[in-house]
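S.K.: The structure is given below, and queries will be raised subsequently.
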Amino acid sequence: MKKYYFSLLSVFFVAALCVGFTSCGGDDDEGDFNISPSEVTIKCKESSPTIKANVVADSWTIEDDFVARIYATQRNASSCYVVGYHIGTTRIKATKGGKTAYTTVTVEPTSTLYDTPILDFSASKASIKSKENHVFTDEDEETLQYRYLSGTHECIVTYYFKENKMTFVSVIIINYNESEIQDFLSQRYQADNDVEGLYINARSRENATLFVMEGTSTSKDGKSQLSLITYFPDISTYKSISK
C-alpha cells in the first residue's frame, strides 16, 4: 500500500508542474510571443505592410493615433496594419497574456514645401539665432528674419519676440500652389473643425500645443499671391494676434 501511495503522489506532483510551466505542453507559449516586422516606414495616407504575430494576440493598440491609425479584423487577431496620418513616430503594441511586443512606425511626408521653423516658444533671440542654419536677412528689437531655400519653395521666416521671448513665427510664400500648401500642412497637422485655415497638432483643441493659421492675400500690384502661415503656441495667442 505504501508503494501505491507514493506513486499517486508522484502523478499529482508531475501534473502540478505541467500546470505551472508552459514547457510541459500547450500551443500558446507566451515566452515566444512576438510580432514582425519590428519597424515599418510609410508615407502619409499610405498603408503599412501587414504586421503579424506568431500567435493570436489578445489586443492590438497604437500609442499615438495622431501619427497613424491601427486596423485589425478583430480585437484578438493575429495581424493588423496601420495607415499614416501625420508625420512622426509611434509604436504598435500587441499583448498576449502577460507578454507585450512592439513595432515602431515612422510616417514620412510626401510634401517638403519648406523646413519647419524652430518652434521653441519663449526662447530668447540669442537661442533662436544659435539654432537657425538658414540665410539670415534682417533683425530688429522684436524680430529675426531668415530666407529658407532648402524646400521646394523659397520662403521668408520671421520670428517675433516680446520681452526677449519668442511669441510666434510667420512664414511667407510667394506665388504658391494652394493645394500643395494644404497637403504640406495636413501631413503635419489636423485641420480645425471650426476655423477655416486653422490647423492643430492634435486630434482636438483640448490636447493641442501648437496652432497653425494659413491665409492668403494678393500683392498691391496684383501680380503676386502671398500665403502667410503663422505658428502659435496656444489658442489665446492666436486670438490676440488675429484680432
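In the C-alpha cells, chains take the letters A, B, ... in the order shown, each chain's residues start at 1, and ligands count up from 1 in the order shown.
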Find the spatial neighbours of Glu132 of chain A, counting only C-alpha atoms, within a cut-off of 8 Å - ignore same-chain residues fewer than 3 positions away - and output them as an MDAnalysis selection string.
M.R.: chainID A and resid 118 128:129
S.K.: I need the residues from that last selection saved to file as a short mmCIF file (atom, residue, chain, number, x, y, z; two decimals), in the first residue's frame (with N, CA, C and O atoms), if you can.
M.R.:
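Contents of the output file result-v2.cif:
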data_model
loop_
_atom_site.label_atom_id
_atom_site.label_comp_id
_atom_site.auth_asym_id
_atom_site.auth_seq_id
_atom_site.Cartn_x
_atom_site.Cartn_y
_atom_site.Cartn_z
N ILE A 118 11.91 76.87 -36.25
CA ILE A 118 12.18 76.49 -34.87
C ILE A 118 11.00 76.94 -34.02
O ILE A 118 10.70 78.13 -33.94
N ILE A 128 17.38 81.35 -30.48
CA ILE A 128 16.90 81.08 -31.84
C ILE A 128 18.04 81.24 -32.84
O ILE A 128 18.22 80.42 -33.75
N LYS A 129 18.84 82.29 -32.68
CA LYS A 129 19.98 82.51 -33.57
C LYS A 129 20.95 81.34 -33.56
O LYS A 129 21.47 80.92 -34.61
#
S.K.: Check the DSSP output for the backbone and give back, as a PDB file with N, CA and C atoms, in the first residue's frame, the residues of segment 2-231 of chain A in strand (DSSP E).
M.R.:
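So the final result, stored in states-v6.pdb, reads:
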ATOM      1  N   ILE A  35       5.918  39.969 -32.665  1.00  0.00           N
ATOM      2  CA  ILE A  35       5.285  40.457 -33.882  1.00  0.00           C
ATOM      3  C   ILE A  35       6.366  40.932 -34.834  1.00  0.00           C
ATOM      4  N   SER A  36       6.056  40.885 -36.101  1.00  0.00           N
ATOM      5  CA  SER A  36       7.038  41.304 -37.103  1.00  0.00           C
ATOM      6  C   SER A  36       6.328  41.954 -38.291  1.00  0.00           C
ATOM      7  N   GLU A  39       9.984  47.119 -37.347  1.00  0.00           N
ATOM      8  CA  GLU A  39       9.951  48.518 -37.755  1.00  0.00           C
ATOM      9  C   GLU A  39       9.302  48.628 -39.133  1.00  0.00           C
ATOM     10  N   VAL A  40       8.476  49.671 -39.321  1.00  0.00           N
ATOM     11  CA  VAL A  40       7.930  49.959 -40.649  1.00  0.00           C
ATOM     12  C   VAL A  40       7.996  51.463 -40.879  1.00  0.00           C
ATOM     13  N   THR A  41       8.242  51.849 -42.126  1.00  0.00           N
ATOM     14  CA  THR A  41       8.264  53.259 -42.522  1.00  0.00           C
ATOM     15  C   THR A  41       7.308  53.432 -43.696  1.00  0.00           C
ATOM     16  N   ILE A  42       6.381  54.373 -43.558  1.00  0.00           N
ATOM     17  CA  ILE A  42       5.385  54.610 -44.594  1.00  0.00           C
ATOM     18  C   ILE A  42       5.246  56.113 -44.828  1.00  0.00           C
ATOM     19  N   LYS A  43       4.576  56.478 -45.907  1.00  0.00           N
ATOM     20  CA  LYS A  43       4.275  57.872 -46.211  1.00  0.00           C
ATOM     21  C   LYS A  43       2.891  58.232 -45.662  1.00  0.00           C
ATOM     22  N   ILE A  51       1.329  43.534 -40.341  1.00  0.00           N
ATOM     23  CA  ILE A  51       2.145  43.263 -39.150  1.00  0.00           C
ATOM     24  C   ILE A  51       1.566  42.016 -38.492  1.00  0.00           C
ATOM     25  N   LYS A  52       2.379  41.001 -38.348  1.00  0.00           N
ATOM     26  CA  LYS A  52       1.885  39.695 -37.935  1.00  0.00           C
ATOM     27  C   LYS A  52       2.430  39.279 -36.576  1.00  0.00           C
ATOM     28  N   ALA A  53       1.589  38.594 -35.825  1.00  0.00           N
ATOM     29  CA  ALA A  53       2.005  37.970 -34.571  1.00  0.00           C
ATOM     30  C   ALA A  53       2.177  36.476 -34.809  1.00  0.00           C
ATOM     31  N   SER A  59      -4.803  41.694 -27.854  1.00  0.00           N
ATOM     32  CA  SER A  59      -5.192  43.045 -28.269  1.00  0.00           C
ATOM     33  C   SER A  59      -4.088  43.686 -29.088  1.00  0.00           C
ATOM     34  N   TRP A  60      -4.507  44.642 -29.927  1.00  0.00           N
ATOM     35  CA  TRP A  60      -3.593  45.468 -30.713  1.00  0.00           C
ATOM     36  C   TRP A  60      -3.938  46.928 -30.429  1.00  0.00           C
ATOM     37  N   THR A  61      -2.947  47.739 -30.080  1.00  0.00           N
ATOM     38  CA  THR A  61      -3.182  49.164 -29.836  1.00  0.00           C
ATOM     39  C   THR A  61      -2.033  49.961 -30.439  1.00  0.00           C
ATOM     40  N   ILE A  62      -2.256  51.272 -30.589  1.00  0.00           N
ATOM     41  CA  ILE A  62      -1.197  52.157 -31.072  1.00  0.00           C
ATOM     42  C   ILE A  62      -1.043  53.293 -30.076  1.00  0.00           C
ATOM     43  N   ALA A  68      -0.626  57.722 -36.677  1.00  0.00           N
ATOM     44  CA  ALA A  68      -1.148  56.641 -37.511  1.00  0.00           C
ATOM     45  C   ALA A  68      -2.330  55.985 -36.816  1.00  0.00           C
ATOM     46  N   ARG A  69      -3.160  55.306 -37.594  1.00  0.00           N
ATOM     47  CA  ARG A  69      -4.308  54.576 -37.050  1.00  0.00           C
ATOM     48  C   ARG A  69      -4.109  53.097 -37.324  1.00  0.00           C
ATOM     49  N   ILE A  70      -4.535  52.278 -36.385  1.00  0.00           N
ATOM     50  CA  ILE A  70      -4.356  50.842 -36.487  1.00  0.00           C
ATOM     51  C   ILE A  70      -5.657  50.177 -36.900  1.00  0.00           C
ATOM     52  N   TYR A  71      -5.550  49.156 -37.736  1.00  0.00           N
ATOM     53  CA  TYR A  71      -6.723  48.430 -38.207  1.00  0.00           C
ATOM     54  C   TYR A  71      -6.465  46.931 -38.075  1.00  0.00           C
ATOM     55  N   SER A  79      -3.022  39.566 -36.845  1.00  0.00           N
ATOM     56  CA  SER A  79      -2.320  40.542 -37.665  1.00  0.00           C
ATOM     57  C   SER A  79      -3.080  41.860 -37.697  1.00  0.00           C
ATOM     58  N   CYS A  80      -2.417  42.914 -38.160  1.00  0.00           N
ATOM     59  CA  CYS A  80      -3.043  44.224 -38.334  1.00  0.00           C
ATOM     60  C   CYS A  80      -2.232  45.000 -39.347  1.00  0.00           C
ATOM     61  N   TYR A  81      -2.691  46.201 -39.673  1.00  0.00           N
ATOM     62  CA  TYR A  81      -1.908  47.131 -40.474  1.00  0.00           C
ATOM     63  C   TYR A  81      -2.241  48.533 -39.995  1.00  0.00           C
ATOM     64  N   VAL A  82      -1.436  49.518 -40.382  1.00  0.00           N
ATOM     65  CA  VAL A  82      -1.682  50.900 -39.984  1.00  0.00           C
ATOM     66  C   VAL A  82      -1.707  51.779 -41.224  1.00  0.00           C
ATOM     67  N   VAL A  83      -2.352  52.940 -41.082  1.00  0.00           N
ATOM     68  CA  VAL A  83      -2.376  53.963 -42.136  1.00  0.00           C
ATOM     69  C   VAL A  83      -1.748  55.222 -41.563  1.00  0.00           C
ATOM     70  N   GLY A  84      -0.810  55.820 -42.286  1.00  0.00           N
ATOM     71  CA  GLY A  84      -0.147  57.029 -41.821  1.00  0.00           C
ATOM     72  C   GLY A  84      -1.028  58.255 -41.986  1.00  0.00           C
ATOM     73  N   GLY A  88       5.704  61.611 -38.115  1.00  0.00           N
ATOM     74  CA  GLY A  88       6.112  61.348 -36.742  1.00  0.00           C
ATOM     75  C   GLY A  88       6.429  59.874 -36.545  1.00  0.00           C
ATOM     76  N   THR A  89       6.652  59.505 -35.314  1.00  0.00           N
ATOM     77  CA  THR A  89       6.981  58.122 -34.968  1.00  0.00           C
ATOM     78  C   THR A  89       6.133  57.672 -33.793  1.00  0.00           C
ATOM     79  N   THR A  90       5.627  56.469 -33.854  1.00  0.00           N
ATOM     80  CA  THR A  90       4.836  55.891 -32.776  1.00  0.00           C
ATOM     81  C   THR A  90       5.098  54.393 -32.729  1.00  0.00           C
ATOM     82  N   ARG A  91       4.389  53.678 -31.849  1.00  0.00           N
ATOM     83  CA  ARG A  91       4.582  52.232 -31.736  1.00  0.00           C
ATOM     84  C   ARG A  91       3.245  51.500 -31.702  1.00  0.00           C
ATOM     85  N   ILE A  92       3.221  50.350 -32.342  1.00  0.00           N
ATOM     86  CA  ILE A  92       2.116  49.412 -32.200  1.00  0.00           C
ATOM     87  C   ILE A  92       2.459  48.483 -31.043  1.00  0.00           C
ATOM     88  N   LYS A  93       1.472  48.240 -30.196  1.00  0.00           N
ATOM     89  CA  LYS A  93       1.656  47.338 -29.062  1.00  0.00           C
ATOM     90  C   LYS A  93       0.683  46.175 -29.184  1.00  0.00           C
ATOM     91  N   ALA A  94       1.209  44.960 -29.152  1.00  0.00           N
ATOM     92  CA  ALA A  94       0.389  43.759 -29.137  1.00  0.00           C
ATOM     93  C   ALA A  94       0.594  43.054 -27.799  1.00  0.00           C
ATOM     94  N   THR A  95      -0.486  42.509 -27.248  1.00  0.00           N
ATOM     95  CA  THR A  95      -0.386  41.808 -25.970  1.00  0.00           C
ATOM     96  C   THR A  95      -0.872  40.379 -26.115  1.00  0.00           C
ATOM     97  N   LYS A  96      -0.263  39.514 -25.317  1.00  0.00           N
ATOM     98  CA  LYS A  96      -0.685  38.121 -25.235  1.00  0.00           C
ATOM     99  C   LYS A  96      -0.454  37.664 -23.806  1.00  0.00           C
ATOM    100  N   LYS A  99       2.491  39.125 -21.773  1.00  0.00           N
ATOM    101  CA  LYS A  99       3.603  39.496 -22.640  1.00  0.00           C
ATOM    102  C   LYS A  99       3.191  40.620 -23.588  1.00  0.00           C
ATOM    103  N   THR A 100       4.166  41.451 -23.980  1.00  0.00           N
ATOM    104  CA  THR A 100       3.930  42.532 -24.943  1.00  0.00           C
ATOM    105  C   THR A 100       5.001  42.498 -26.027  1.00  0.00           C
ATOM    106  N   ALA A 101       4.640  42.967 -27.197  1.00  0.00           N
ATOM    107  CA  ALA A 101       5.586  43.084 -28.297  1.00  0.00           C
ATOM    108  C   ALA A 101       5.276  44.376 -29.047  1.00  0.00           C
ATOM    109  N   TYR A 102       6.300  44.952 -29.666  1.00  0.00           N
ATOM    110  CA  TYR A 102       6.143  46.264 -30.281  1.00  0.00           C
ATOM    111  C   TYR A 102       6.666  46.290 -31.712  1.00  0.00           C
ATOM    112  N   THR A 103       6.046  47.157 -32.516  1.00  0.00           N
ATOM    113  CA  THR A 103       6.560  47.518 -33.835  1.00  0.00           C
ATOM    114  C   THR A 103       6.615  49.040 -33.900  1.00  0.00           C
ATOM    115  N   THR A 104       7.756  49.588 -34.265  1.00  0.00           N
ATOM    116  CA  THR A 104       7.912  51.037 -34.407  1.00  0.00           C
ATOM    117  C   THR A 104       7.442  51.469 -35.785  1.00  0.00           C
ATOM    118  N   VAL A 105       6.591  52.492 -35.815  1.00  0.00           N
ATOM    119  CA  VAL A 105       6.025  53.004 -37.063  1.00  0.00           C
ATOM    120  C   VAL A 105       6.505  54.436 -37.280  1.00  0.00           C
ATOM    121  N   THR A 106       7.132  54.689 -38.415  1.00  0.00           N
ATOM    122  CA  THR A 106       7.571  56.035 -38.788  1.00  0.00           C
ATOM    123  C   THR A 106       6.782  56.485 -40.014  1.00  0.00           C
ATOM    124  N   VAL A 107       6.164  57.662 -39.906  1.00  0.00           N
ATOM    125  CA  VAL A 107       5.401  58.225 -41.023  1.00  0.00           C
ATOM    126  C   VAL A 107       6.175  59.415 -41.584  1.00  0.00           C
ATOM    127  N   GLU A 108       6.467  59.374 -42.870  1.00  0.00           N
ATOM    128  CA  GLU A 108       7.234  60.423 -43.532  1.00  0.00           C
ATOM    129  C   GLU A 108       6.339  61.238 -44.460  1.00  0.00           C
ATOM    130  N   VAL A 135      19.430  81.281 -44.129  1.00  0.00           N
ATOM    131  CA  VAL A 135      20.083  82.534 -44.517  1.00  0.00           C
ATOM    132  C   VAL A 135      19.503  83.696 -43.724  1.00  0.00           C
ATOM    133  N   PHE A 136      20.328  84.305 -42.880  1.00  0.00           N
ATOM    134  CA  PHE A 136      19.900  85.466 -42.089  1.00  0.00           C
ATOM    135  C   PHE A 136      19.733  86.664 -43.005  1.00  0.00           C
ATOM    136  N   THR A 137      18.624  87.402 -42.817  1.00  0.00           N
ATOM    137  CA  THR A 137      18.392  88.575 -43.669  1.00  0.00           C
ATOM    138  C   THR A 137      18.228  89.866 -42.887  1.00  0.00           C
ATOM    139  N   ASP A 138      17.630  89.829 -41.688  1.00  0.00           N
ATOM    140  CA  ASP A 138      17.366  91.099 -41.003  1.00  0.00           C
ATOM    141  C   ASP A 138      16.970  90.821 -39.550  1.00  0.00           C
ATOM    142  N   GLU A 139      17.078  91.851 -38.725  1.00  0.00           N
ATOM    143  CA  GLU A 139      16.570  91.778 -37.354  1.00  0.00           C
ATOM    144  C   GLU A 139      16.376  93.182 -36.796  1.00  0.00           C
ATOM    145  N   THR A 143      12.139  91.308 -33.836  1.00  0.00           N
ATOM    146  CA  THR A 143      12.038  90.279 -34.876  1.00  0.00           C
ATOM    147  C   THR A 143      13.409  89.754 -35.306  1.00  0.00           C
ATOM    148  N   LEU A 144      13.383  88.532 -35.850  1.00  0.00           N
ATOM    149  CA  LEU A 144      14.515  87.925 -36.556  1.00  0.00           C
ATOM    150  C   LEU A 144      13.960  87.401 -37.869  1.00  0.00           C
ATOM    151  N   GLN A 145      14.710  87.594 -38.978  1.00  0.00           N
ATOM    152  CA  GLN A 145      14.193  87.165 -40.266  1.00  0.00           C
ATOM    153  C   GLN A 145      15.231  86.342 -41.026  1.00  0.00           C
ATOM    154  N   TYR A 146      14.730  85.273 -41.688  1.00  0.00           N
ATOM    155  CA  TYR A 146      15.590  84.358 -42.444  1.00  0.00           C
ATOM    156  C   TYR A 146      14.943  83.991 -43.764  1.00  0.00           C
ATOM    157  N   ARG A 147      15.787  83.667 -44.750  1.00  0.00           N
ATOM    158  CA  ARG A 147      15.327  83.095 -46.016  1.00  0.00           C
ATOM    159  C   ARG A 147      15.532  81.585 -45.954  1.00  0.00           C
ATOM    160  N   TYR A 148      14.474  80.847 -46.268  1.00  0.00           N
ATOM    161  CA  TYR A 148      14.548  79.389 -46.319  1.00  0.00           C
ATOM    162  C   TYR A 148      14.596  78.971 -47.791  1.00  0.00           C
ATOM    163  N   CYS A 155      10.964  80.727 -49.078  1.00  0.00           N
ATOM    164  CA  CYS A 155      10.047  81.467 -48.212  1.00  0.00           C
ATOM    165  C   CYS A 155      10.825  82.347 -47.240  1.00  0.00           C
ATOM    166  N   ILE A 156      10.111  83.292 -46.633  1.00  0.00           N
ATOM    167  CA  ILE A 156      10.677  84.185 -45.625  1.00  0.00           C
ATOM    168  C   ILE A 156      10.082  83.804 -44.271  1.00  0.00           C
ATOM    169  N   VAL A 157      10.940  83.541 -43.307  1.00  0.00           N
ATOM    170  CA  VAL A 157      10.511  83.155 -41.958  1.00  0.00           C
ATOM    171  C   VAL A 157      10.879  84.279 -40.994  1.00  0.00           C
ATOM    172  N   THR A 158       9.901  84.732 -40.224  1.00  0.00           N
ATOM    173  CA  THR A 158      10.130  85.802 -39.251  1.00  0.00           C
ATOM    174  C   THR A 158       9.737  85.326 -37.863  1.00  0.00           C
ATOM    175  N   TYR A 159      10.669  85.471 -36.924  1.00  0.00           N
ATOM    176  CA  TYR A 159      10.411  85.152 -35.514  1.00  0.00           C
ATOM    177  C   TYR A 159      10.069  86.444 -34.787  1.00  0.00           C
ATOM    178  N   TYR A 160       9.029  86.430 -33.982  1.00  0.00           N
ATOM    179  CA  TYR A 160       8.579  87.620 -33.250  1.00  0.00           C
ATOM    180  C   TYR A 160       8.831  87.430 -31.755  1.00  0.00           C
ATOM    181  N   PHE A 161       9.292  88.490 -31.116  1.00  0.00           N
ATOM    182  CA  PHE A 161       9.672  88.425 -29.702  1.00  0.00           C
ATOM    183  C   PHE A 161       8.964  89.512 -28.899  1.00  0.00           C
ATOM    184  N   LYS A 162       8.704  89.182 -27.658  1.00  0.00           N
ATOM    185  CA  LYS A 162       8.202  90.157 -26.700  1.00  0.00           C
ATOM    186  C   LYS A 162       8.966  89.954 -25.404  1.00  0.00           C
ATOM    187  N   LYS A 165      11.370  87.060 -25.501  1.00  0.00           N
ATOM    188  CA  LYS A 165      10.841  85.699 -25.552  1.00  0.00           C
ATOM    189  C   LYS A 165      10.065  85.528 -26.855  1.00  0.00           C
ATOM    190  N   MET A 166      10.375  84.476 -27.581  1.00  0.00           N
ATOM    191  CA  MET A 166       9.716  84.257 -28.862  1.00  0.00           C
ATOM    192  C   MET A 166       8.240  83.915 -28.645  1.00  0.00           C
ATOM    193  N   THR A 167       7.360  84.661 -29.334  1.00  0.00           N
ATOM    194  CA  THR A 167       5.925  84.504 -29.104  1.00  0.00           C
ATOM    195  C   THR A 167       5.209  83.795 -30.255  1.00  0.00           C
ATOM    196  N   PHE A 168       5.623  84.069 -31.495  1.00  0.00           N
ATOM    197  CA  PHE A 168       5.047  83.359 -32.631  1.00  0.00           C
ATOM    198  C   PHE A 168       5.988  83.471 -33.822  1.00  0.00           C
ATOM    199  N   VAL A 169       5.678  82.681 -34.867  1.00  0.00           N
ATOM    200  CA  VAL A 169       6.526  82.626 -36.061  1.00  0.00           C
ATOM    201  C   VAL A 169       5.635  82.746 -37.291  1.00  0.00           C
ATOM    202  N   SER A 170       6.101  83.498 -38.297  1.00  0.00           N
ATOM    203  CA  SER A 170       5.348  83.590 -39.552  1.00  0.00           C
ATOM    204  C   SER A 170       6.214  83.133 -40.727  1.00  0.00           C
ATOM    205  N   VAL A 171       5.544  82.555 -41.714  1.00  0.00           N
ATOM    206  CA  VAL A 171       6.200  82.118 -42.950  1.00  0.00           C
ATOM    207  C   VAL A 171       5.447  82.739 -44.119  1.00  0.00           C
ATOM    208  N   ILE A 172       6.174  83.400 -45.030  1.00  0.00           N
ATOM    209  CA  ILE A 172       5.564  83.991 -46.215  1.00  0.00           C
ATOM    210  C   ILE A 172       6.080  83.270 -47.457  1.00  0.00           C
ATOM    211  N   ILE A 173       5.145  82.782 -48.277  1.00  0.00           N
ATOM    212  CA  ILE A 173       5.470  82.127 -49.542  1.00  0.00           C
ATOM    213  C   ILE A 173       4.805  82.924 -50.658  1.00  0.00           C
ATOM    214  N   ILE A 174       5.552  83.180 -51.729  1.00  0.00           N
ATOM    215  CA  ILE A 174       5.043  83.971 -52.855  1.00  0.00           C
ATOM    216  C   ILE A 174       4.763  83.056 -54.040  1.00  0.00           C
ATOM    217  N   GLN A 190      -3.612  68.701 -38.105  1.00  0.00           N
ATOM    218  CA  GLN A 190      -5.008  68.373 -38.405  1.00  0.00           C
ATOM    219  C   GLN A 190      -5.824  69.649 -38.541  1.00  0.00           C
ATOM    220  N   ALA A 191      -6.645  69.709 -39.576  1.00  0.00           N
ATOM    221  CA  ALA A 191      -7.482  70.888 -39.785  1.00  0.00           C
ATOM    222  C   ALA A 191      -8.486  71.029 -38.648  1.00  0.00           C
ATOM    223  N   LEU A 198      -7.229  76.995 -40.053  1.00  0.00           N
ATOM    224  CA  LEU A 198      -6.535  76.736 -38.793  1.00  0.00           C
ATOM    225  C   LEU A 198      -6.229  75.245 -38.667  1.00  0.00           C
ATOM    226  N   TYR A 199      -4.988  74.951 -38.269  1.00  0.00           N
ATOM    227  CA  TYR A 199      -4.537  73.575 -38.071  1.00  0.00           C
ATOM    228  C   TYR A 199      -4.000  73.422 -36.644  1.00  0.00           C
ATOM    229  N   ILE A 200      -4.084  72.211 -36.116  1.00  0.00           N
ATOM    230  CA  ILE A 200      -3.590  71.923 -34.763  1.00  0.00           C
ATOM    231  C   ILE A 200      -2.750  70.644 -34.791  1.00  0.00           C
ATOM    232  N   PHE A 211      -0.754  75.782 -32.785  1.00  0.00           N
ATOM    233  CA  PHE A 211      -1.824  76.227 -33.674  1.00  0.00           C
ATOM    234  C   PHE A 211      -1.179  76.885 -34.894  1.00  0.00           C
ATOM    235  N   VAL A 212      -1.633  76.491 -36.076  1.00  0.00           N
ATOM    236  CA  VAL A 212      -1.042  76.980 -37.321  1.00  0.00           C
ATOM    237  C   VAL A 212      -2.151  77.565 -38.184  1.00  0.00           C
ATOM    238  N   MET A 213      -2.001  78.847 -38.536  1.00  0.00           N
ATOM    239  CA  MET A 213      -3.029  79.531 -39.327  1.00  0.00           C
ATOM    240  C   MET A 213      -2.486  79.843 -40.709  1.00  0.00           C
ATOM    241  N   GLU A 214      -3.255  79.483 -41.759  1.00  0.00           N
ATOM    242  CA  GLU A 214      -2.844  79.751 -43.129  1.00  0.00           C
ATOM    243  C   GLU A 214      -3.838  80.694 -43.780  1.00  0.00           C
ATOM    244  N   GLY A 215      -3.329  81.782 -44.336  1.00  0.00           N
ATOM    245  CA  GLY A 215      -4.181  82.741 -45.013  1.00  0.00           C
ATOM    246  C   GLY A 215      -3.543  83.211 -46.303  1.00  0.00           C
ATOM    247  N   THR A 216      -4.323  83.809 -47.181  1.00  0.00           N
ATOM    248  CA  THR A 216      -3.813  84.251 -48.474  1.00  0.00           C
ATOM    249  C   THR A 216      -4.125  85.724 -48.701  1.00  0.00           C
ATOM    250  N   SER A 217      -3.321  86.342 -49.538  1.00  0.00           N
ATOM    251  CA  SER A 217      -3.562  87.731 -49.940  1.00  0.00           C
ATOM    252  C   SER A 217      -2.874  87.971 -51.277  1.00  0.00           C
ATOM    253  N   THR A 218      -3.170  89.115 -51.880  1.00  0.00           N
ATOM    254  CA  THR A 218      -2.573  89.472 -53.169  1.00  0.00           C
ATOM    255  C   THR A 218      -1.757  90.749 -52.997  1.00  0.00           C
ATOM    256  N   GLN A 225       0.728  86.425 -55.511  1.00  0.00           N
ATOM    257  CA  GLN A 225      -0.163  85.894 -54.492  1.00  0.00           C
ATOM    258  C   GLN A 225       0.684  85.455 -53.311  1.00  0.00           C
ATOM    259  N   LEU A 226       0.278  85.885 -52.116  1.00  0.00           N
ATOM    260  CA  LEU A 226       1.056  85.607 -50.919  1.00  0.00           C
ATOM    261  C   LEU A 226       0.302  84.662 -49.995  1.00  0.00           C
ATOM    262  N   SER A 227       1.038  83.758 -49.406  1.00  0.00           N
ATOM    263  CA  SER A 227       0.474  82.909 -48.359  1.00  0.00           C
ATOM    264  C   SER A 227       1.211  83.213 -47.062  1.00  0.00           C
ATOM    265  N   LEU A 228       0.450  83.495 -46.023  1.00  0.00           N
ATOM    266  CA  LEU A 228       1.021  83.753 -44.702  1.00  0.00           C
ATOM    267  C   LEU A 228       0.634  82.598 -43.783  1.00  0.00           C
ATOM    268  N   ILE A 229       1.624  81.876 -43.298  1.00  0.00           N
ATOM    269  CA  ILE A 229       1.416  80.744 -42.390  1.00  0.00           C
ATOM    270  C   ILE A 229       2.024  81.125 -41.045  1.00  0.00           C
ATOM    271  N   THR A 230       1.204  81.138 -40.011  1.00  0.00           N
ATOM    272  CA  THR A 230       1.639  81.614 -38.694  1.00  0.00           C
ATOM    273  C   THR A 230       1.514  80.503 -37.661  1.00  0.00           C
ATOM    274  N   TYR A 231       2.556  80.363 -36.847  1.00  0.00           N
ATOM    275  CA  TYR A 231       2.615  79.332 -35.807  1.00  0.00           C
ATOM    276  C   TYR A 231       2.453  79.985 -34.438  1.00  0.00           C
TER     277      TYR A 231
END
